[in-house]
2 protein chains.
Amino acid sequence: MARKKLADGVLDRIGSAIASERYPAGSAIPTEAELMESLGVGRSSVREAIRVLASLGMVETAPRRGTIVAPRAEWNMLNRDVMRWMMGSELHKQDLLGAINEARRIFEPASAGLAARKASRMQIIAIETAYAEMEDAATRGDPDAAIQADRNFHLAVQRATSNPILGAFDAALDVILGLLFSVTANHMDNFRANLGNHLGVLEAIRRKDPQAAEQAMIDTIEFTTRKMKESRLIT
Amino acid sequence: MARKKLADGVLDRIGSAIASERYPAGSAIPTEAELMESLGVGRSSVREAIRVLASLGMVETAPRRGTIVAPRAEWNMLNRDVMRWMMGSELHKQDLLGAINEARRIFEPASAGLAARKASRMQIIAIETAYAEMEDAATRGDPDAAIQADRNFHLAVQRATSNPILGAFDAALDVILGLLFSVTANHMDNFRANLGNHLGVLEAIRRKDPQAAEQAMIDTIEFTTRKMKESRLIT
DNA sequence: GACCGTTATATTATCTGATGATTAGGGTCC
DNA sequence: GGACCCTAATCATCAGATAATATAACGGTC
């Protein structure tokens, strides 16, 4: 499970150190030479990792000045790694989770509405398949399969909009679903209780009823949000 | 104006080549050695560029197999560079512009509503300032200042939600505003004609009226969309 | 002739050393 | 005291060598 490439490991170490504010915005992270030393890797690995951090908006580099941590507002927050680092840090975890929920509450109902209007035959089948997987996971009581199927369901709805911009929320979806199931105590019960809402989304899309699809998705997401509040994941 | 770092230039060349489907999804781009040769740079520059492309989801690398172009669905479409490359290629420009408009139509009215509910005194001032800049640019007839001020206005509204996730659309905003003004013929007229809608957003936020803010933002964006359709930027 | 393990090979991954470019900071001269 | 120059720290880039890995070619067994 450890990443194959060395530079990815370095990226992870530095990225999470920055996200946890061990190096606060405006300050410089250690020099290439120091990182090589402390991480026990060659210069190329360090440089490639820092280069990626720069492309994620987390640092800026310049000769003599060093590698400076950029203000949080410039970070590419929708990137999977960035999000994971922030979630791991506990520092702004609640805030970020709240923000994700707020954003989902905006985007996903609208996506469901669009899907009801525009989904192709194939795209509807993909949603049906994902829903069937959810039911299956619920029957078998398999939490991992449940997470995966839930994710696939929301992804399939989003794909049915044929809008690549809306696809940018994949990473956020993963985070939410992963956290909901990993922390909520009686997760399978919650999962089963939310099946009906998901089915509502599917059926509304199937009969091309945007309003109903939108409402069903609102119910789906608000259920999740409520459960997260109950388990104090968010306020 | 040219980028300072060599690797950024390399990144640009390869990135736009991929976006224009000179290397279609699933195929391999030239090897490191070939790219060094054809671009006249050292291996480290090529490797850093490819490393960034990988972090943007545009390619996957493996020894012996080479560097393979990933399917479009995995690209980080909200990244400024990725979006610029796609816009430059003309291949899917219309589709992407349409998708951006659709996405804006979803999230910006919602942002305006949230802003009306949550904006702080400072955040409202930022919106007011941006609006004043817009009026100023309209009076002076300065297109560049108009683009900048328009962008600042939408950015200020988005910031007033205090939701970092919604901030991920900065890049998309830039693209839309840049294109609208660079291509529309009588741009300053359009800009002036849309001032009233912007003012409506500002006033609704100032008096903390989410519904009105949402509606005013809908009007603002639909005006823009209409103008883009008239100039055949989108269908 | 089909299947399976072995070997060859192309390509990326990583390390190391050397040189260039940029800029912060201090020192000098008027 | 201010303009200018010099030095040094740090990233940027190149070059060469070796390791790791995955595909492809090969050959043997049944």
# chains A, B, ... in the order shown; residues from 1 in each chain; ligands from 1

call {"tool": "closest_atom_pairs", "arguments": {"of": "chain B", "to": "chain C", "cutoff": "8 Å", "atoms": "only C-alpha atoms (C1' of nucleotides)", "output": "Markdown table"}}
result
| residue | atom | partner | partner_atom | distance |
| --- | --- | --- | --- | --- |
| B:Thr31 | CA | C:DT11 | C1' | 7.5 |
| B:Thr61 | CA | C:DT12 | C1' | 7.3 |
| B:Ala62 | CA | C:DT12 | C1' | 5.9 |
| B:Pro63 | CA | C:DT12 | C1' | 3.9 |
| B:Arg64 | CA | C:DT11 | C1' | 3.8 |
| B:Arg65 | CA | C:DT11 | C1' | 6.5 |
| B:Gly66 | CA | C:DT11 | C1' | 5.9 |

call {"tool": "residues_around", "arguments": {"residues": "Ile124 in chain A", "least_positions_apart": "3", "cutoff": "8 Å", "atoms": "only C-alpha atoms (C1' of nucleotides)", "output": "short mmCIF file (atom, residue, chain, number, x, y, z; two decimals) with N, CA and C atoms, in the first residue's frame"}}
result
data_model
loop_
_atom_site.label_atom_id
_atom_site.label_comp_id
_atom_site.auth_asym_id
_atom_site.auth_seq_id
_atom_site.Cartn_x
_atom_site.Cartn_y
_atom_site.Cartn_z
N ALA A 119 -29.44 12.67 -18.83
CA ALA A 119 -28.74 11.38 -18.77
C ALA A 119 -29.06 10.50 -19.97
N SER A 120 -28.02 9.86 -20.49
CA SER A 120 -28.22 8.91 -21.58
C SER A 120 -28.63 7.55 -21.00
N ARG A 121 -29.04 6.68 -21.88
CA ARG A 121 -29.41 5.32 -21.46
C ARG A 121 -28.27 4.66 -20.67
N ILE A 127 -25.92 4.32 -13.08
CA ILE A 127 -26.48 4.69 -11.78
C ILE A 127 -27.23 3.49 -11.18
N GLU A 128 -27.99 2.82 -12.03
CA GLU A 128 -28.72 1.63 -11.55
C GLU A 128 -27.76 0.58 -10.99
N ALA A 160 -23.43 11.65 -15.18
CA ALA A 160 -24.62 11.73 -16.05
C ALA A 160 -24.93 13.17 -16.44
N ILE A 205 -34.49 10.26 -11.74
CA ILE A 205 -33.68 10.40 -12.96
C ILE A 205 -34.24 9.50 -14.05
N ARG A 206 -34.65 8.30 -13.64
CA ARG A 206 -35.16 7.34 -14.61
C ARG A 206 -36.41 7.89 -15.30
#

call {"tool": "interface_residues", "arguments": {"of": "chain B", "to": "chain D", "cutoff": "12 Å", "atoms": "only C-alpha atoms (C1' of nucleotides)", "output": "MDAnalysis selection string"}}
result
chainID B and resid 4:8 36 40:48 61:66

call {"tool": "closest_atom_pairs", "arguments": {"of": "chain A", "to": "chain B", "cutoff": "9 Å", "atoms": "only C-alpha atoms", "output": "Markdown table"}}
result
| residue | atom | partner | partner_atom | distance |
| --- | --- | --- | --- | --- |
| A:Ser44 | CA | B:Ser44 | CA | 7.8 |
| A:Arg47 | CA | B:Glu48 | CA | 8.0 |
| A:Glu48 | CA | B:Glu48 | CA | 5.7 |
| A:Ala49 | CA | B:Arg51 | CA | 8.6 |
| A:Arg51 | CA | B:Glu48 | CA | 6.7 |
| A:Val52 | CA | B:Val52 | CA | 5.5 |
| A:Ser55 | CA | B:Val52 | CA | 6.7 |
| A:Leu56 | CA | B:Ser55 | CA | 8.6 |
| A:Arg72 | CA | B:Pro164 | CA | 8.9 |
| A:Ala73 | CA | B:Pro164 | CA | 7.1 |
| A:Glu74 | CA | B:Gly167 | CA | 9.0 |
| A:Trp75 | CA | B:Ala168 | CA | 8.8 |
| A:Asn76 | CA | B:Ala168 | CA | 6.7 |
| A:Met77 | CA | B:Ile165 | CA | 6.4 |
| A:Leu78 | CA | B:Ala168 | CA | 6.8 |
| A:Asn79 | CA | B:Asn76 | CA | 8.1 |
| A:Asp95 | CA | B:Asn163 | CA | 8.7 |
| A:Leu96 | CA | B:Pro164 | CA | 7.7 |
| A:Gly98 | CA | B:Asn163 | CA | 8.7 |
| A:Ala99 | CA | B:Asn163 | CA | 5.4 |
| A:Ile100 | CA | B:Ile165 | CA | 6.4 |
| A:Glu102 | CA | B:Asn163 | CA | 8.1 |
| A:Ala103 | CA | B:Leu166 | CA | 6.7 |
| A:Ile106 | CA | B:Phe107 | CA | 6.6 |
| A:Phe107 | CA | B:Ile106 | CA | 6.8 |
| A:Ala110 | CA | B:Ile106 | CA | 6.7 |
| A:Ser111 | CA | B:Ile106 | CA | 8.8 |
| A:Ser162 | CA | B:Ala99 | CA | 8.4 |
| A:Asn163 | CA | B:Ala99 | CA | 5.4 |
| A:Pro164 | CA | B:Ala99 | CA | 6.9 |
| A:Ile165 | CA | B:Ala99 | CA | 6.3 |
| A:Leu166 | CA | B:Ala103 | CA | 6.6 |
| A:Gly167 | CA | B:Ala73 | CA | 7.8 |
| A:Ala168 | CA | B:Leu78 | CA | 6.9 |
| A:Ala172 | CA | B:Ile165 | CA | 8.8 |

call {"tool": "select_by_dssp", "arguments": {"residues": "chain B", "states": "helix (DSSP H, G or I)", "output": "PDB file with C-alpha atoms, in the first residue's frame"}}
result
ATOM      1  CA  LEU B   6      12.557  26.266 -17.871  1.00  0.00           C
ATOM      2  CA  ALA B   7      10.533  23.353 -16.606  1.00  0.00           C
ATOM      3  CA  ASP B   8       7.411  25.533 -16.766  1.00  0.00           C
ATOM      4  CA  GLY B   9       8.007  26.105 -20.430  1.00  0.00           C
ATOM      5  CA  VAL B  10       8.411  22.392 -20.962  1.00  0.00           C
ATOM      6  CA  LEU B  11       5.249  21.786 -18.964  1.00  0.00           C
ATOM      7  CA  ASP B  12       3.384  24.206 -21.200  1.00  0.00           C
ATOM      8  CA  ARG B  13       4.578  22.603 -24.395  1.00  0.00           C
ATOM      9  CA  ILE B  14       3.754  19.065 -23.371  1.00  0.00           C
ATOM     10  CA  GLY B  15       0.537  20.014 -21.608  1.00  0.00           C
ATOM     11  CA  SER B  16      -0.924  21.847 -24.559  1.00  0.00           C
ATOM     12  CA  ALA B  17       0.193  19.112 -26.926  1.00  0.00           C
ATOM     13  CA  ILE B  18      -1.748  16.625 -24.844  1.00  0.00           C
ATOM     14  CA  ALA B  19      -4.786  18.887 -24.538  1.00  0.00           C
ATOM     15  CA  GLU B  32      12.447  11.541 -21.655  1.00  0.00           C
ATOM     16  CA  ALA B  33      15.429  11.257 -23.985  1.00  0.00           C
ATOM     17  CA  GLU B  34      13.403  12.293 -27.017  1.00  0.00           C
ATOM     18  CA  LEU B  35      11.871  15.236 -25.206  1.00  0.00           C
ATOM     19  CA  MET B  36      15.294  16.405 -24.019  1.00  0.00           C
ATOM     20  CA  GLU B  37      16.424  16.277 -27.608  1.00  0.00           C
ATOM     21  CA  SER B  38      13.391  17.914 -29.206  1.00  0.00           C
ATOM     22  CA  LEU B  39      12.974  20.610 -26.570  1.00  0.00           C
ATOM     23  CA  ARG B  43      16.566  15.608 -18.166  1.00  0.00           C
ATOM     24  CA  SER B  44      15.641  17.216 -14.862  1.00  0.00           C
ATOM     25  CA  SER B  45      13.476  19.832 -16.549  1.00  0.00           C
ATOM     26  CA  VAL B  46      11.656  17.214 -18.563  1.00  0.00           C
ATOM     27  CA  ARG B  47      11.152  15.016 -15.541  1.00  0.00           C
ATOM     28  CA  GLU B  48       9.818  17.815 -13.367  1.00  0.00           C
ATOM     29  CA  ALA B  49       7.354  18.831 -16.055  1.00  0.00           C
ATOM     30  CA  ILE B  50       6.118  15.277 -16.471  1.00  0.00           C
ATOM     31  CA  ARG B  51       5.884  14.909 -12.731  1.00  0.00           C
ATOM     32  CA  VAL B  52       3.550  17.902 -12.589  1.00  0.00           C
ATOM     33  CA  LEU B  53       1.474  16.548 -15.458  1.00  0.00           C
ATOM     34  CA  ALA B  54       1.113  13.352 -13.475  1.00  0.00           C
ATOM     35  CA  SER B  55      -0.069  15.270 -10.412  1.00  0.00           C
ATOM     36  CA  ARG B  72      -9.837  13.163 -19.946  1.00  0.00           C
ATOM     37  CA  ALA B  73     -12.154  12.338 -17.081  1.00  0.00           C
ATOM     38  CA  GLU B  74      -9.173  12.080 -14.757  1.00  0.00           C
ATOM     39  CA  ARG B  80      -5.608  27.025 -14.338  1.00  0.00           C
ATOM     40  CA  ASP B  81      -3.046  25.523 -16.683  1.00  0.00           C
ATOM     41  CA  VAL B  82      -5.169  22.573 -17.699  1.00  0.00           C
ATOM     42  CA  MET B  83      -8.033  24.907 -18.471  1.00  0.00           C
ATOM     43  CA  ARG B  84      -5.843  27.229 -20.446  1.00  0.00           C
ATOM     44  CA  TRP B  85      -4.448  24.374 -22.521  1.00  0.00           C
ATOM     45  CA  MET B  86      -7.914  23.111 -23.299  1.00  0.00           C
ATOM     46  CA  MET B  87      -9.114  26.576 -24.219  1.00  0.00           C
ATOM     47  CA  GLY B  88      -6.138  27.029 -26.488  1.00  0.00           C
ATOM     48  CA  SER B  89      -6.782  23.848 -28.384  1.00  0.00           C
ATOM     49  CA  LYS B  93     -13.381  24.763 -26.238  1.00  0.00           C
ATOM     50  CA  GLN B  94     -17.105  25.219 -26.786  1.00  0.00           C
ATOM     51  CA  ASP B  95     -18.002  22.200 -24.701  1.00  0.00           C
ATOM     52  CA  LEU B  96     -15.814  23.347 -21.851  1.00  0.00           C
ATOM     53  CA  LEU B  97     -17.150  26.879 -21.956  1.00  0.00           C
ATOM     54  CA  GLY B  98     -20.677  25.521 -21.850  1.00  0.00           C
ATOM     55  CA  ALA B  99     -19.782  23.325 -18.917  1.00  0.00           C
ATOM     56  CA  ILE B 100     -18.252  26.235 -17.059  1.00  0.00           C
ATOM     57  CA  ASN B 101     -21.342  28.321 -17.610  1.00  0.00           C
ATOM     58  CA  GLU B 102     -23.547  25.509 -16.410  1.00  0.00           C
ATOM     59  CA  ALA B 103     -21.411  25.129 -13.298  1.00  0.00           C
ATOM     60  CA  ARG B 104     -21.367  28.853 -12.610  1.00  0.00           C
ATOM     61  CA  ARG B 105     -25.127  28.932 -12.967  1.00  0.00           C
ATOM     62  CA  ILE B 106     -25.230  26.416 -10.149  1.00  0.00           C
ATOM     63  CA  PHE B 107     -22.693  27.617  -7.676  1.00  0.00           C
ATOM     64  CA  GLU B 108     -22.526  31.371  -8.016  1.00  0.00           C
ATOM     65  CA  PRO B 109     -26.154  32.097  -7.126  1.00  0.00           C
ATOM     66  CA  ALA B 110     -25.782  29.758  -4.177  1.00  0.00           C
ATOM     67  CA  SER B 111     -22.595  31.567  -3.182  1.00  0.00           C
ATOM     68  CA  ALA B 112     -24.376  34.886  -3.351  1.00  0.00           C
ATOM     69  CA  GLY B 113     -27.110  33.501  -1.120  1.00  0.00           C
ATOM     70  CA  LEU B 114     -24.593  32.245   1.395  1.00  0.00           C
ATOM     71  CA  ALA B 115     -22.771  35.552   1.278  1.00  0.00           C
ATOM     72  CA  ALA B 116     -25.986  37.410   2.067  1.00  0.00           C
ATOM     73  CA  ARG B 117     -26.363  35.197   5.111  1.00  0.00           C
ATOM     74  CA  LYS B 118     -22.800  35.071   6.365  1.00  0.00           C
ATOM     75  CA  ARG B 121     -18.413  43.662   7.505  1.00  0.00           C
ATOM     76  CA  MET B 122     -14.976  43.426   5.887  1.00  0.00           C
ATOM     77  CA  GLN B 123     -16.144  41.011   3.237  1.00  0.00           C
ATOM     78  CA  ILE B 124     -19.011  43.292   2.282  1.00  0.00           C
ATOM     79  CA  ILE B 125     -16.601  46.176   1.965  1.00  0.00           C
ATOM     80  CA  ALA B 126     -14.481  44.074  -0.391  1.00  0.00           C
ATOM     81  CA  ILE B 127     -17.528  43.511  -2.585  1.00  0.00           C
ATOM     82  CA  GLU B 128     -18.400  47.198  -2.476  1.00  0.00           C
ATOM     83  CA  THR B 129     -14.866  48.113  -3.455  1.00  0.00           C
ATOM     84  CA  ALA B 130     -14.897  45.743  -6.398  1.00  0.00           C
ATOM     85  CA  TYR B 131     -18.220  47.165  -7.541  1.00  0.00           C
ATOM     86  CA  ALA B 132     -16.865  50.693  -7.302  1.00  0.00           C
ATOM     87  CA  GLU B 133     -13.928  49.610  -9.455  1.00  0.00           C
ATOM     88  CA  MET B 134     -16.369  48.238 -12.004  1.00  0.00           C
ATOM     89  CA  GLU B 135     -18.231  51.538 -12.195  1.00  0.00           C
ATOM     90  CA  ASP B 136     -14.970  53.375 -12.480  1.00  0.00           C
ATOM     91  CA  ALA B 137     -13.792  51.156 -15.316  1.00  0.00           C
ATOM     92  CA  ALA B 138     -17.129  51.630 -17.058  1.00  0.00           C
ATOM     93  CA  THR B 139     -16.832  55.397 -16.790  1.00  0.00           C
ATOM     94  CA  ARG B 140     -13.267  55.444 -18.034  1.00  0.00           C
ATOM     95  CA  PRO B 143     -11.587  47.125 -20.827  1.00  0.00           C
ATOM     96  CA  ASP B 144      -8.634  45.687 -18.935  1.00  0.00           C
ATOM     97  CA  ALA B 145      -9.677  47.362 -15.713  1.00  0.00           C
ATOM     98  CA  ALA B 146     -13.226  46.148 -16.359  1.00  0.00           C
ATOM     99  CA  ILE B 147     -12.172  42.511 -16.641  1.00  0.00           C
ATOM    100  CA  GLN B 148     -10.090  42.817 -13.522  1.00  0.00           C
ATOM    101  CA  ALA B 149     -12.845  44.510 -11.528  1.00  0.00           C
ATOM    102  CA  ASP B 150     -15.494  42.055 -12.697  1.00  0.00           C
ATOM    103  CA  ARG B 151     -13.274  39.198 -11.639  1.00  0.00           C
ATOM    104  CA  ASN B 152     -12.660  40.851  -8.281  1.00  0.00           C
ATOM    105  CA  PHE B 153     -16.371  41.265  -7.744  1.00  0.00           C
ATOM    106  CA  HIS B 154     -17.197  37.611  -8.281  1.00  0.00           C
ATOM    107  CA  LEU B 155     -14.163  36.603  -6.266  1.00  0.00           C
ATOM    108  CA  ALA B 156     -15.201  38.837  -3.384  1.00  0.00           C
ATOM    109  CA  VAL B 157     -18.678  37.311  -3.330  1.00  0.00           C
ATOM    110  CA  GLN B 158     -17.205  33.847  -3.356  1.00  0.00           C
ATOM    111  CA  ARG B 159     -14.812  34.768  -0.529  1.00  0.00           C
ATOM    112  CA  LEU B 166     -16.139  27.148  -3.447  1.00  0.00           C
ATOM    113  CA  GLY B 167     -12.912  29.038  -4.002  1.00  0.00           C
ATOM    114  CA  ALA B 168     -11.675  26.301  -6.275  1.00  0.00           C
ATOM    115  CA  PHE B 169     -13.535  27.933  -9.119  1.00  0.00           C
ATOM    116  CA  ASP B 170     -11.305  30.950  -9.369  1.00  0.00           C
ATOM    117  CA  ALA B 171      -9.609  29.489 -12.408  1.00  0.00           C
ATOM    118  CA  ALA B 172     -12.923  28.865 -14.131  1.00  0.00           C
ATOM    119  CA  LEU B 173     -14.018  32.426 -13.420  1.00  0.00           C
ATOM    120  CA  ASP B 174     -10.867  33.845 -14.922  1.00  0.00           C
ATOM    121  CA  VAL B 175     -11.345  31.857 -18.078  1.00  0.00           C
ATOM    122  CA  ILE B 176     -14.928  32.954 -18.560  1.00  0.00           C
ATOM    123  CA  LEU B 177     -14.333  36.608 -17.870  1.00  0.00           C
ATOM    124  CA  GLY B 178     -11.201  36.698 -19.969  1.00  0.00           C
ATOM    125  CA  LEU B 179     -12.938  35.106 -22.919  1.00  0.00           C
ATOM    126  CA  LEU B 180     -16.095  37.091 -22.670  1.00  0.00           C
ATOM    127  CA  PHE B 181     -14.233  40.343 -22.972  1.00  0.00           C
ATOM    128  CA  SER B 182     -11.585  39.315 -25.421  1.00  0.00           C
ATOM    129  CA  VAL B 183     -14.013  37.973 -27.982  1.00  0.00           C
ATOM    130  CA  HIS B 187     -17.656  44.477 -24.830  1.00  0.00           C
ATOM    131  CA  MET B 188     -17.849  47.721 -22.905  1.00  0.00           C
ATOM    132  CA  ASP B 189     -21.515  48.086 -23.776  1.00  0.00           C
ATOM    133  CA  ASN B 190     -22.207  44.618 -22.486  1.00  0.00           C
ATOM    134  CA  PHE B 191     -20.198  45.334 -19.404  1.00  0.00           C
ATOM    135  CA  ARG B 192     -22.164  48.490 -18.655  1.00  0.00           C
ATOM    136  CA  ALA B 193     -25.458  46.763 -19.337  1.00  0.00           C
ATOM    137  CA  LEU B 195     -23.651  46.641 -14.027  1.00  0.00           C
ATOM    138  CA  GLY B 196     -27.196  46.852 -12.688  1.00  0.00           C
ATOM    139  CA  ASN B 197     -27.363  43.122 -12.036  1.00  0.00           C
ATOM    140  CA  HIS B 198     -24.096  43.270 -10.149  1.00  0.00           C
ATOM    141  CA  LEU B 199     -25.382  46.145  -8.102  1.00  0.00           C
ATOM    142  CA  GLY B 200     -28.445  44.063  -7.301  1.00  0.00           C
ATOM    143  CA  VAL B 201     -26.219  41.333  -5.908  1.00  0.00           C
ATOM    144  CA  LEU B 202     -24.299  43.808  -3.797  1.00  0.00           C
ATOM    145  CA  GLU B 203     -27.386  45.464  -2.376  1.00  0.00           C
ATOM    146  CA  ALA B 204     -29.066  42.169  -1.556  1.00  0.00           C
ATOM    147  CA  ILE B 205     -25.977  40.996   0.287  1.00  0.00           C
ATOM    148  CA  ARG B 206     -25.765  44.322   2.097  1.00  0.00           C
ATOM    149  CA  PRO B 210     -30.316  35.604   0.422  1.00  0.00           C
ATOM    150  CA  GLN B 211     -33.199  35.089  -1.975  1.00  0.00           C
ATOM    151  CA  ALA B 212     -32.708  38.423  -3.686  1.00  0.00           C
ATOM    152  CA  ALA B 213     -28.954  37.918  -3.825  1.00  0.00           C
ATOM    153  CA  GLU B 214     -29.431  34.553  -5.452  1.00  0.00           C
ATOM    154  CA  GLN B 215     -31.852  35.925  -8.016  1.00  0.00           C
ATOM    155  CA  ALA B 216     -29.651  38.909  -8.832  1.00  0.00           C
ATOM    156  CA  MET B 217     -26.694  36.600  -9.381  1.00  0.00           C
ATOM    157  CA  ILE B 218     -28.793  34.397 -11.635  1.00  0.00           C
ATOM    158  CA  ASP B 219     -29.654  37.466 -13.695  1.00  0.00           C
ATOM    159  CA  THR B 220     -26.008  38.484 -13.807  1.00  0.00           C
ATOM    160  CA  ILE B 221     -24.814  35.140 -15.060  1.00  0.00           C
ATOM    161  CA  GLU B 222     -27.621  34.585 -17.488  1.00  0.00           C
ATOM    162  CA  PHE B 223     -26.885  37.937 -19.027  1.00  0.00           C
ATOM    163  CA  THR B 224     -23.315  36.839 -19.599  1.00  0.00           C
ATOM    164  CA  THR B 225     -24.402  33.483 -20.952  1.00  0.00           C
ATOM    165  CA  ARG B 226     -26.798  35.159 -23.337  1.00  0.00           C
ATOM    166  CA  LYS B 227     -24.092  37.442 -24.659  1.00  0.00           C
ATOM    167  CA  MET B 228     -21.766  34.494 -25.162  1.00  0.00           C
ATOM    168  CA  LYS B 229     -24.434  32.725 -27.143  1.00  0.00           C
ATOM    169  CA  GLU B 230     -25.061  35.797 -29.252  1.00  0.00           C
TER     170      GLU B 230
END

call {"tool": "select_by_dssp", "arguments": {"residues": "chain B", "states": "strand (DSSP E or B)", "output": "number ranges by chain"}}
result
B: 28-29, 59-62, 66-69

call {"tool": "write_last_selection", "arguments": {"atoms": "C-alpha atoms", "output": "JSON list (two decimals), in the first residue's frame"}}
result
[["chain", "number", "residue", "atom", "x", "y", "z"],
["B", 28, "ALA", "CA", 2.52, 7.31, -24.97],
["B", 29, "ILE", "CA", 4.20, 10.68, -25.22],
["B", 59, "VAL", "CA", -0.44, 11.27, -17.55],
["B", 60, "GLU", "CA", 0.72, 8.14, -15.80],
["B", 61, "THR", "CA", 4.29, 6.94, -15.85],
["B", 62, "ALA", "CA", 5.94, 3.57, -15.43],
["B", 66, "GLY", "CA", 6.64, 5.08, -20.80],
["B", 67, "THR", "CA", 4.45, 8.08, -20.05],
["B", 68, "ILE", "CA", 0.84, 7.41, -21.00],
["B", 69, "VAL", "CA", -1.85, 10.02, -21.51]]

call {"tool": "atom_distance", "arguments": {"atom1": "CA of Leu91 in chain B", "atom2": "CA of Glu21 in chain B"}}
result
8.4 Å

call {"tool": "atom_distance", "arguments": {"atom1": "CA of Glu90 in chain A", "atom2": "CA of Ile234 in chain A"}}
result
12.1 Å
